[in-house]
Amino acid sequence: MRVVDAFRSAFGAEPETVWHAPGRVNLIGEHTDYNDGFVLPFAVPWGVTAAVTPRADRTIRLLSLQSAGGGEPVTIADHADSQGWTRYVVGVLAMLGDRVRGADIAVDGDIPQGAGLSSSAALEVSVASALNDLHGLGMTPMEVALLSQKAENDFVGMPCGIMDQAASALSKEGHALFLDCRSLGHRNVPLDLAARGLQILIIDTQVHHEHATGEYAKRRAECESAARKLGVASLRDVEDLAGALDRLQGDERKRTMHVVTESHRVEALVGLLRAGQITEIGALLNASHLSLRDQYEVSSPELDASVEAAIRGGARGARMTGGGFGGSAIALVADDRLQSVQDEVAKTFAAMGWTAPRFLPATPAQGARKLA
Ligand code: GLA
């Protein structure tokens with residue numbers, strides 16, 4: 001393994017353990033996690049592999065095969081002096097507190113950068129899983145996910161929900177992860193696309209909005225404010241949507257409309273999967289996209305064009321996936337339409353003068369696992 005070779009040459013010893021954690025796409029249930037609603041992500045075949053050995057002192061030595069130094073370790077003596085991508089790792093160690101001292105860590109990732117496939121969650125979960133294992137901490141995969149989320153919320157400063165880390169820690173090959181973000185109850189739901197001659201195509205727009213984190217925090221605050229006005233703990237608790245909408249105005253009204261209907265769409269989609277009606281889920285994907293575009297207002301021209309072109313090219317349904325403002329869309333495509341969908345999307349981007357999109361096949365992959 002390349003990461004083991006890099007570890008050995010940087011630190012002069014074999015790593016004590018090696019863990020892999022994947023990125024994710026979300027099939028449906030967008031911006032519902034921090035509203036205590038439902039989500040249905042699955043792990044993708046790309047992720048982060050972490051080779052780790054604990055240290056007796058508080059030092060962290062860290063190298064990434066993807067960083068500019070290309071294998072030069074950075075030494076972090078004090079948690080506060082971390083920067084850039086190293087914050088995700090140092091945040092995990094910081095959250096572990098007294099349970100862990102320092103560590104030598106080498107990471108290698110193959111998640112397409114900037115595609116919105118949660119490379120940060122994969123990095124956190126790979127390192128947290130390795131340290132959990134090495135120190136015999138006995139954390140469950142859900143506890144690893146929660147700790148990783150806390151590192152991102154409290155250390156990195158991104159107020160994300162639990163979806164990405166849970167998908168990375170708990171997914172099962174060939175399944176989607178149906179997660180109740182309030183109770184944290186979850187089930188791996190079979191998603192056998194190939195048996196139906198289908199696949200999920202990721203359309204990476206190659207565009208990322210630089211204000212995405214600020215807009216994300218703003219949406220989250222609008223939802224919390226709407227819930228307070230409605231006198232409920234979170235938008236998950238809205239039962240009479242029409243009545244709730246009467247009591248809200250402007251953006252808060254729109255956000256509530258999206259969150260409540262989106263969470264119902266997750267349940268409807270899971271119902272279709274359980275009934276073996278996988279080919280019928282396209283309409284729910286389309287409805288999710290329109291709601292994210294018009295009510296939640298987190299789409300982008302490139303995402304909208306991807307979805308529309310995919311459908312023109314013969315996709316059974318499509319939507320933006322992840323936080324929005326760029327990143328990727330997903331399309332449910334029959335095998336015999338794959339080429340026409342890609343051609344139509346590529347043609348549309350070319351006509352607009354945009355950077356060509358990237359196409360990636362999303363096969364539901366296994367969550368975090370020990371490699372050595
Ligand atoms: C980002 C966050 C997730 C979730 C999605 C939107 O990926 O990290 O917690 O809120 O956006 O569904």
# chains A, B, ... in the order shown; residues from 1 in each chain; ligands from 1
>>> residues_near_ligand(ligand="ligand 1", cutoff="9 Å", atoms="only C-alpha atoms and all ligand atoms", output="number ranges by chain")
A: 25-26, 28-35, 39, 116-118, 120-121, 149, 158-165, 216, 220, 321-324
>>> write_last_selection(atoms="C-alpha atoms", output="CSV table (one decimal), in the first residue's frame")
chain,number,residue,atom,x,y,z
A,25,VAL,CA,-23.3,10.8,-2.0
A,26,ASN,CA,-26.8,11.5,-0.7
A,28,ILE,CA,-32.2,11.9,-0.9
A,29,GLY,CA,-32.8,13.9,2.4
A,30,GLU,CA,-30.9,17.2,1.8
A,31,HIS,CA,-30.6,19.7,4.6
A,32,THR,CA,-32.8,17.6,6.8
A,33,ASP,CA,-30.0,16.2,9.1
A,34,TYR,CA,-29.6,19.3,11.3
A,35,ASN,CA,-33.4,19.6,11.4
A,39,VAL,CA,-31.5,11.1,5.3
A,116,GLY,CA,-18.9,17.6,-2.7
A,117,LEU,CA,-18.4,14.0,-1.9
A,118,SER,CA,-17.4,14.6,1.8
A,120,SER,CA,-13.5,15.9,5.1
A,121,ALA,CA,-15.8,13.4,6.7
A,149,GLN,CA,-18.9,15.7,13.5
A,158,MET,CA,-18.4,24.1,10.1
A,159,PRO,CA,-21.8,23.6,11.6
A,160,CYS,CA,-22.6,20.4,9.6
A,161,GLY,CA,-25.1,17.8,10.6
A,162,ILE,CA,-24.4,14.1,11.2
A,163,MET,CA,-25.1,12.7,7.7
A,164,ASP,CA,-21.6,12.7,6.1
A,165,GLN,CA,-19.8,11.2,9.0
A,216,TYR,CA,-25.0,26.9,5.0
A,220,ARG,CA,-29.4,26.4,9.5
A,321,THR,CA,-26.6,16.2,-3.9
A,322,GLY,CA,-24.9,17.5,-0.7
A,323,GLY,CA,-24.9,21.0,0.7
A,324,GLY,CA,-25.2,22.7,-2.7
>>> closest_residue(among="A:Lys370, A:Arg196, A:Arg219, A:His209", to="Thr17 (chain A)", atoms="only C-alpha atoms")
A:Lys370
>>> select_by_dssp(residues="region 83-156 of chain A", states="strand (DSSP E)", output="list in words")
Gly102, Ala103, Asp104, Ile105, Ala106, Val107, Asp108 and Gly109 of chain A
>>> closest_residue(among="A:Ser119, A:Thr363, A:Asn153, A:Gln199", to="Ser168 (chain A)", atoms="only C-alpha atoms")
A:Ser119
>>> residues_around(residues="Glu308 (chain A)", least_positions_apart="6", cutoff="10 Å", atoms="only C-alpha atoms", output="list in words")
Asn286, Glu302, Ala315, Gly317, Ala318, Arg319, Glu344, Val345 and Thr348 of chain A
>>> write_last_selection(atoms="all heavy atoms", output="PDB file, in the first residue's frame")
ATOM      1  N   ASN A 286     -36.482  14.169  -8.630  1.00  0.00           N
ATOM      2  CA  ASN A 286     -36.794  15.424  -9.322  1.00  0.00           C
ATOM      3  C   ASN A 286     -37.466  16.424  -8.383  1.00  0.00           C
ATOM      4  O   ASN A 286     -37.132  17.612  -8.382  1.00  0.00           O
ATOM      5  CB  ASN A 286     -37.717  15.165 -10.516  1.00  0.00           C
ATOM      6  CG  ASN A 286     -37.040  14.325 -11.591  1.00  0.00           C
ATOM      7  OD1 ASN A 286     -35.820  14.241 -11.634  1.00  0.00           O
ATOM      8  ND2 ASN A 286     -37.843  13.690 -12.439  1.00  0.00           N
ATOM      9  N   GLU A 302     -25.114  25.621 -12.688  1.00  0.00           N
ATOM     10  CA  GLU A 302     -24.496  24.397 -13.222  1.00  0.00           C
ATOM     11  C   GLU A 302     -25.234  23.156 -12.732  1.00  0.00           C
ATOM     12  O   GLU A 302     -25.370  22.167 -13.475  1.00  0.00           O
ATOM     13  CB  GLU A 302     -23.021  24.316 -12.816  1.00  0.00           C
ATOM     14  CG  GLU A 302     -22.148  25.425 -13.406  1.00  0.00           C
ATOM     15  CD  GLU A 302     -22.200  26.730 -12.609  1.00  0.00           C
ATOM     16  OE1 GLU A 302     -22.859  26.778 -11.550  1.00  0.00           O
ATOM     17  OE2 GLU A 302     -21.566  27.719 -13.044  1.00  0.00           O
ATOM     18  N   ALA A 315     -32.365  10.289 -18.335  1.00  0.00           N
ATOM     19  CA  ALA A 315     -32.282   9.848 -16.933  1.00  0.00           C
ATOM     20  C   ALA A 315     -33.688   9.687 -16.357  1.00  0.00           C
ATOM     21  O   ALA A 315     -34.610  10.408 -16.758  1.00  0.00           O
ATOM     22  CB  ALA A 315     -31.499  10.860 -16.103  1.00  0.00           C
ATOM     23  N   GLY A 317     -34.416  10.289 -13.292  1.00  0.00           N
ATOM     24  CA  GLY A 317     -34.582  11.326 -12.279  1.00  0.00           C
ATOM     25  C   GLY A 317     -33.215  11.867 -11.940  1.00  0.00           C
ATOM     26  O   GLY A 317     -32.204  11.204 -12.204  1.00  0.00           O
ATOM     27  N   ALA A 318     -33.168  13.081 -11.383  1.00  0.00           N
ATOM     28  CA  ALA A 318     -31.866  13.668 -11.049  1.00  0.00           C
ATOM     29  C   ALA A 318     -32.060  14.767 -10.022  1.00  0.00           C
ATOM     30  O   ALA A 318     -33.135  15.354  -9.912  1.00  0.00           O
ATOM     31  CB  ALA A 318     -31.189  14.225 -12.303  1.00  0.00           C
ATOM     32  N   ARG A 319     -31.016  15.032  -9.273  1.00  0.00           N
ATOM     33  CA  ARG A 319     -31.060  16.097  -8.269  1.00  0.00           C
ATOM     34  C   ARG A 319     -29.647  16.503  -7.887  1.00  0.00           C
ATOM     35  O   ARG A 319     -28.707  15.742  -8.092  1.00  0.00           O
ATOM     36  CB  ARG A 319     -31.806  15.635  -7.006  1.00  0.00           C
ATOM     37  CG  ARG A 319     -31.180  14.403  -6.338  1.00  0.00           C
ATOM     38  CD  ARG A 319     -31.976  13.944  -5.125  1.00  0.00           C
ATOM     39  NE  ARG A 319     -31.857  14.867  -4.050  1.00  0.00           N
ATOM     40  CZ  ARG A 319     -30.861  14.901  -3.160  1.00  0.00           C
ATOM     41  NH1 ARG A 319     -29.900  14.007  -3.195  1.00  0.00           N
ATOM     42  NH2 ARG A 319     -30.830  15.800  -2.217  1.00  0.00           N
ATOM     43  N   GLU A 344     -25.564  14.620 -23.409  1.00  0.00           N
ATOM     44  CA  GLU A 344     -26.447  15.790 -23.282  1.00  0.00           C
ATOM     45  C   GLU A 344     -25.896  16.780 -22.248  1.00  0.00           C
ATOM     46  O   GLU A 344     -25.906  17.993 -22.479  1.00  0.00           O
ATOM     47  CB  GLU A 344     -27.860  15.320 -22.887  1.00  0.00           C
ATOM     48  CG  GLU A 344     -28.921  16.386 -22.942  1.00  0.00           C
ATOM     49  CD  GLU A 344     -29.177  16.953 -24.349  1.00  0.00           C
ATOM     50  OE1 GLU A 344     -29.050  16.197 -25.343  1.00  0.00           O
ATOM     51  OE2 GLU A 344     -29.494  18.162 -24.439  1.00  0.00           O
ATOM     52  N   VAL A 345     -25.410  16.258 -21.125  1.00  0.00           N
ATOM     53  CA  VAL A 345     -24.860  17.149 -20.087  1.00  0.00           C
ATOM     54  C   VAL A 345     -23.596  17.840 -20.622  1.00  0.00           C
ATOM     55  O   VAL A 345     -23.436  19.059 -20.486  1.00  0.00           O
ATOM     56  CB  VAL A 345     -24.563  16.381 -18.779  1.00  0.00           C
ATOM     57  CG1 VAL A 345     -23.915  17.307 -17.745  1.00  0.00           C
ATOM     58  CG2 VAL A 345     -25.844  15.773 -18.197  1.00  0.00           C
ATOM     59  N   THR A 348     -24.431  20.547 -23.075  1.00  0.00           N
ATOM     60  CA  THR A 348     -24.999  21.727 -22.419  1.00  0.00           C
ATOM     61  C   THR A 348     -23.905  22.585 -21.780  1.00  0.00           C
ATOM     62  O   THR A 348     -23.904  23.812 -21.907  1.00  0.00           O
ATOM     63  CB  THR A 348     -26.020  21.279 -21.345  1.00  0.00           C
ATOM     64  OG1 THR A 348     -27.008  20.478 -21.990  1.00  0.00           O
ATOM     65  CG2 THR A 348     -26.679  22.454 -20.670  1.00  0.00           C
TER      66      THR A 348
END
>>> residues_around(residues="Ser171 (chain A)", least_positions_apart="5", cutoff="7 Å", atoms="only C-alpha atoms", output="PyMOL selection string")
chain A and resi 42-43+176-177+188+366-367
>>> write_last_selection(atoms="all heavy atoms", output="compact mmCIF listing (two decimals), in the first residue's frame")
# COMPACT_ATOMS: atom_id res chain seq x y z
N PHE A 42 -25.33 7.07 0.75
CA PHE A 42 -24.55 5.84 0.70
C PHE A 42 -23.07 6.17 0.43
O PHE A 42 -22.76 7.24 -0.11
CB PHE A 42 -25.11 4.82 -0.31
CG PHE A 42 -25.14 5.25 -1.75
CD1 PHE A 42 -24.03 5.10 -2.57
CD2 PHE A 42 -26.31 5.77 -2.30
CE1 PHE A 42 -24.09 5.46 -3.92
CE2 PHE A 42 -26.37 6.14 -3.64
CZ PHE A 42 -25.25 5.99 -4.45
N ALA A 43 -22.21 5.25 0.84
CA ALA A 43 -20.77 5.47 0.68
C ALA A 43 -20.37 5.25 -0.77
O ALA A 43 -20.93 4.39 -1.46
CB ALA A 43 -20.00 4.52 1.59
N ALA A 176 -28.04 1.57 0.94
CA ALA A 176 -28.08 2.97 1.36
C ALA A 176 -28.32 2.98 2.87
O ALA A 176 -28.83 2.01 3.43
CB ALA A 176 -29.19 3.71 0.63
N LEU A 177 -27.94 4.08 3.51
CA LEU A 177 -28.09 4.18 4.97
C LEU A 177 -29.30 5.06 5.29
O LEU A 177 -29.27 6.27 5.06
CB LEU A 177 -26.82 4.81 5.58
CG LEU A 177 -26.86 5.01 7.09
CD1 LEU A 177 -26.72 3.67 7.81
CD2 LEU A 177 -25.74 5.96 7.53
N ASN A 188 -29.57 -0.31 7.13
CA ASN A 188 -28.94 -0.38 5.81
C ASN A 188 -29.97 -0.98 4.85
O ASN A 188 -30.35 -2.13 4.99
CB ASN A 188 -27.67 -1.22 5.86
CG ASN A 188 -26.61 -0.62 6.78
OD1 ASN A 188 -26.45 -1.05 7.92
ND2 ASN A 188 -25.91 0.39 6.33
N GLN A 366 -18.72 -0.01 0.94
CA GLN A 366 -18.64 -0.31 2.37
C GLN A 366 -18.17 0.91 3.16
O GLN A 366 -17.33 1.68 2.68
CB GLN A 366 -17.63 -1.47 2.53
CG GLN A 366 -17.44 -1.98 3.94
CD GLN A 366 -18.71 -2.60 4.51
OE1 GLN A 366 -19.51 -3.19 3.79
NE2 GLN A 366 -18.92 -2.43 5.81
N GLY A 367 -18.68 1.07 4.38
CA GLY A 367 -18.23 2.14 5.27
C GLY A 367 -16.86 1.82 5.85
O GLY A 367 -16.17 0.89 5.40
>>> residues_around(residues="region 233-237 of chain A", least_positions_apart="4", cutoff="6 Å", atoms="only C-alpha atoms", output="list in words")
Asn35, Asp36, Gly37 and Ala227 of chain A
>>> write_last_selection(atoms="all heavy atoms", output="compact mmCIF listing (two decimals), in the first residue's frame")
# COMPACT_ATOMS: atom_id res chain seq x y z
N ASN A 35 -32.04 19.30 11.01
CA ASN A 35 -33.43 19.57 11.43
C ASN A 35 -34.04 18.32 12.05
O ASN A 35 -35.27 18.20 12.11
CB ASN A 35 -34.25 20.04 10.24
CG ASN A 35 -33.89 21.46 9.81
OD1 ASN A 35 -34.09 22.39 10.58
ND2 ASN A 35 -33.33 21.62 8.63
N ASP A 36 -33.18 17.39 12.47
CA ASP A 36 -33.61 16.15 13.14
C ASP A 36 -34.44 15.24 12.23
O ASP A 36 -35.20 14.40 12.72
CB ASP A 36 -34.44 16.46 14.40
CG ASP A 36 -33.57 16.85 15.58
OD1 ASP A 36 -32.34 16.71 15.47
OD2 ASP A 36 -34.14 17.27 16.61
N GLY A 37 -34.33 15.41 10.92
CA GLY A 37 -35.14 14.62 9.99
C GLY A 37 -34.43 13.35 9.52
O GLY A 37 -33.51 12.84 10.16
N ALA A 227 -38.37 27.17 13.65
CA ALA A 227 -38.82 26.21 14.65
C ALA A 227 -39.22 26.92 15.94
O ALA A 227 -40.24 26.59 16.55
CB ALA A 227 -37.72 25.17 14.91
>>> closest_residue(among="A:Ile203, A:Gly243, A:Ala103, A:Ala21", to="Ser148 (chain A)", atoms="only C-alpha atoms")
A:Ala21
>>> closest_residue(among="A:Val44, A:Arg101, A:Gly157, A:Gly84", to="Arg58 (chain A)", atoms="only C-alpha atoms")
A:Arg101
>>> decode(residues="region 187-209 of chain A", atoms="N, CA, C and O atoms", output="PDB file, in the first residue's frame")
ATOM      1  N   ARG A 187     -30.805   1.994   9.501  1.00  0.00           N
ATOM      2  CA  ARG A 187     -30.964   0.704   8.855  1.00  0.00           C
ATOM      3  C   ARG A 187     -30.252   0.761   7.505  1.00  0.00           C
ATOM      4  O   ARG A 187     -30.309   1.778   6.809  1.00  0.00           O
ATOM      5  N   ASN A 188     -29.568  -0.314   7.128  1.00  0.00           N
ATOM      6  CA  ASN A 188     -28.943  -0.378   5.810  1.00  0.00           C
ATOM      7  C   ASN A 188     -29.966  -0.978   4.853  1.00  0.00           C
ATOM      8  O   ASN A 188     -30.350  -2.132   4.992  1.00  0.00           O
ATOM      9  N   VAL A 189     -30.429  -0.175   3.900  1.00  0.00           N
ATOM     10  CA  VAL A 189     -31.496  -0.589   2.980  1.00  0.00           C
ATOM     11  C   VAL A 189     -30.873  -1.046   1.660  1.00  0.00           C
ATOM     12  O   VAL A 189     -30.106  -0.287   1.051  1.00  0.00           O
ATOM     13  N   PRO A 190     -31.180  -2.279   1.204  1.00  0.00           N
ATOM     14  CA  PRO A 190     -30.567  -2.764  -0.042  1.00  0.00           C
ATOM     15  C   PRO A 190     -30.830  -1.824  -1.218  1.00  0.00           C
ATOM     16  O   PRO A 190     -31.940  -1.321  -1.381  1.00  0.00           O
ATOM     17  N   LEU A 191     -29.796  -1.586  -2.014  1.00  0.00           N
ATOM     18  CA  LEU A 191     -29.898  -0.691  -3.167  1.00  0.00           C
ATOM     19  C   LEU A 191     -29.196  -1.385  -4.329  1.00  0.00           C
ATOM     20  O   LEU A 191     -28.061  -1.071  -4.668  1.00  0.00           O
ATOM     21  N   ASP A 192     -29.887  -2.378  -4.861  1.00  0.00           N
ATOM     22  CA  ASP A 192     -29.260  -3.185  -5.897  1.00  0.00           C
ATOM     23  C   ASP A 192     -29.603  -2.632  -7.269  1.00  0.00           C
ATOM     24  O   ASP A 192     -30.515  -3.084  -7.951  1.00  0.00           O
ATOM     25  N   LEU A 193     -28.844  -1.614  -7.647  1.00  0.00           N
ATOM     26  CA  LEU A 193     -29.112  -0.924  -8.906  1.00  0.00           C
ATOM     27  C   LEU A 193     -28.788  -1.810 -10.104  1.00  0.00           C
ATOM     28  O   LEU A 193     -29.563  -1.884 -11.060  1.00  0.00           O
ATOM     29  N   ALA A 194     -27.659  -2.508 -10.038  1.00  0.00           N
ATOM     30  CA  ALA A 194     -27.184  -3.273 -11.195  1.00  0.00           C
ATOM     31  C   ALA A 194     -28.201  -4.342 -11.596  1.00  0.00           C
ATOM     32  O   ALA A 194     -28.422  -4.585 -12.787  1.00  0.00           O
ATOM     33  N   ALA A 195     -28.860  -4.954 -10.610  1.00  0.00           N
ATOM     34  CA  ALA A 195     -29.828  -6.017 -10.911  1.00  0.00           C
ATOM     35  C   ALA A 195     -30.986  -5.490 -11.749  1.00  0.00           C
ATOM     36  O   ALA A 195     -31.652  -6.253 -12.452  1.00  0.00           O
ATOM     37  N   ARG A 196     -31.240  -4.178 -11.668  1.00  0.00           N
ATOM     38  CA  ARG A 196     -32.326  -3.568 -12.454  1.00  0.00           C
ATOM     39  C   ARG A 196     -31.807  -2.850 -13.682  1.00  0.00           C
ATOM     40  O   ARG A 196     -32.517  -2.049 -14.295  1.00  0.00           O
ATOM     41  N   GLY A 197     -30.525  -3.059 -14.007  1.00  0.00           N
ATOM     42  CA  GLY A 197     -29.954  -2.392 -15.180  1.00  0.00           C
ATOM     43  C   GLY A 197     -29.849  -0.887 -14.999  1.00  0.00           C
ATOM     44  O   GLY A 197     -29.951  -0.116 -15.957  1.00  0.00           O
ATOM     45  N   LEU A 198     -29.648  -0.462 -13.739  1.00  0.00           N
ATOM     46  CA  LEU A 198     -29.589   0.972 -13.455  1.00  0.00           C
ATOM     47  C   LEU A 198     -28.260   1.346 -12.824  1.00  0.00           C
ATOM     48  O   LEU A 198     -27.562   0.491 -12.267  1.00  0.00           O
ATOM     49  N   GLN A 199     -27.943   2.610 -12.879  1.00  0.00           N
ATOM     50  CA  GLN A 199     -26.827   3.102 -12.083  1.00  0.00           C
ATOM     51  C   GLN A 199     -27.068   4.539 -11.671  1.00  0.00           C
ATOM     52  O   GLN A 199     -27.924   5.219 -12.230  1.00  0.00           O
ATOM     53  N   ILE A 200     -26.324   4.935 -10.645  1.00  0.00           N
ATOM     54  CA  ILE A 200     -26.368   6.338 -10.251  1.00  0.00           C
ATOM     55  C   ILE A 200     -25.106   6.987 -10.761  1.00  0.00           C
ATOM     56  O   ILE A 200     -23.994   6.565 -10.433  1.00  0.00           O
ATOM     57  N   LEU A 201     -25.330   7.969 -11.602  1.00  0.00           N
ATOM     58  CA  LEU A 201     -24.218   8.683 -12.217  1.00  0.00           C
ATOM     59  C   LEU A 201     -23.998   9.975 -11.436  1.00  0.00           C
ATOM     60  O   LEU A 201     -24.940  10.730 -11.201  1.00  0.00           O
ATOM     61  N   ILE A 202     -22.756  10.204 -11.032  1.00  0.00           N
ATOM     62  CA  ILE A 202     -22.415  11.473 -10.392  1.00  0.00           C
ATOM     63  C   ILE A 202     -21.964  12.432 -11.487  1.00  0.00           C
ATOM     64  O   ILE A 202     -21.115  12.095 -12.312  1.00  0.00           O
ATOM     65  N   ILE A 203     -22.562  13.616 -11.483  1.00  0.00           N
ATOM     66  CA  ILE A 203     -22.149  14.661 -12.420  1.00  0.00           C
ATOM     67  C   ILE A 203     -21.463  15.738 -11.583  1.00  0.00           C
ATOM     68  O   ILE A 203     -22.123  16.473 -10.841  1.00  0.00           O
ATOM     69  N   ASP A 204     -20.157  15.780 -11.660  1.00  0.00           N
ATOM     70  CA  ASP A 204     -19.390  16.763 -10.887  1.00  0.00           C
ATOM     71  C   ASP A 204     -19.274  18.031 -11.723  1.00  0.00           C
ATOM     72  O   ASP A 204     -18.624  18.036 -12.763  1.00  0.00           O
ATOM     73  N   THR A 205     -19.903  19.089 -11.248  1.00  0.00           N
ATOM     74  CA  THR A 205     -19.939  20.335 -12.036  1.00  0.00           C
ATOM     75  C   THR A 205     -18.583  21.047 -12.055  1.00  0.00           C
ATOM     76  O   THR A 205     -18.403  21.989 -12.817  1.00  0.00           O
ATOM     77  N   GLN A 206     -17.685  20.628 -11.162  1.00  0.00           N
ATOM     78  CA  GLN A 206     -16.357  21.253 -11.055  1.00  0.00           C
ATOM     79  C   GLN A 206     -16.432  22.718 -10.621  1.00  0.00           C
ATOM     80  O   GLN A 206     -15.483  23.473 -10.833  1.00  0.00           O
ATOM     81  N   VAL A 207     -17.563  23.080 -10.042  1.00  0.00           N
ATOM     82  CA  VAL A 207     -17.711  24.459  -9.571  1.00  0.00           C
ATOM     83  C   VAL A 207     -17.966  24.418  -8.075  1.00  0.00           C
ATOM     84  O   VAL A 207     -18.743  23.596  -7.597  1.00  0.00           O
ATOM     85  N   HIS A 208     -17.308  25.289  -7.353  1.00  0.00           N
ATOM     86  CA  HIS A 208     -17.588  25.371  -5.926  1.00  0.00           C
ATOM     87  C   HIS A 208     -17.729  26.828  -5.511  1.00  0.00           C
ATOM     88  O   HIS A 208     -16.873  27.645  -5.788  1.00  0.00           O
ATOM     89  N   HIS A 209     -18.854  27.100  -4.867  1.00  0.00           N
ATOM     90  CA  HIS A 209     -19.176  28.453  -4.435  1.00  0.00           C
ATOM     91  C   HIS A 209     -18.358  28.795  -3.196  1.00  0.00           C
ATOM     92  O   HIS A 209     -18.384  28.068  -2.213  1.00  0.00           O
TER      93      HIS A 209
END
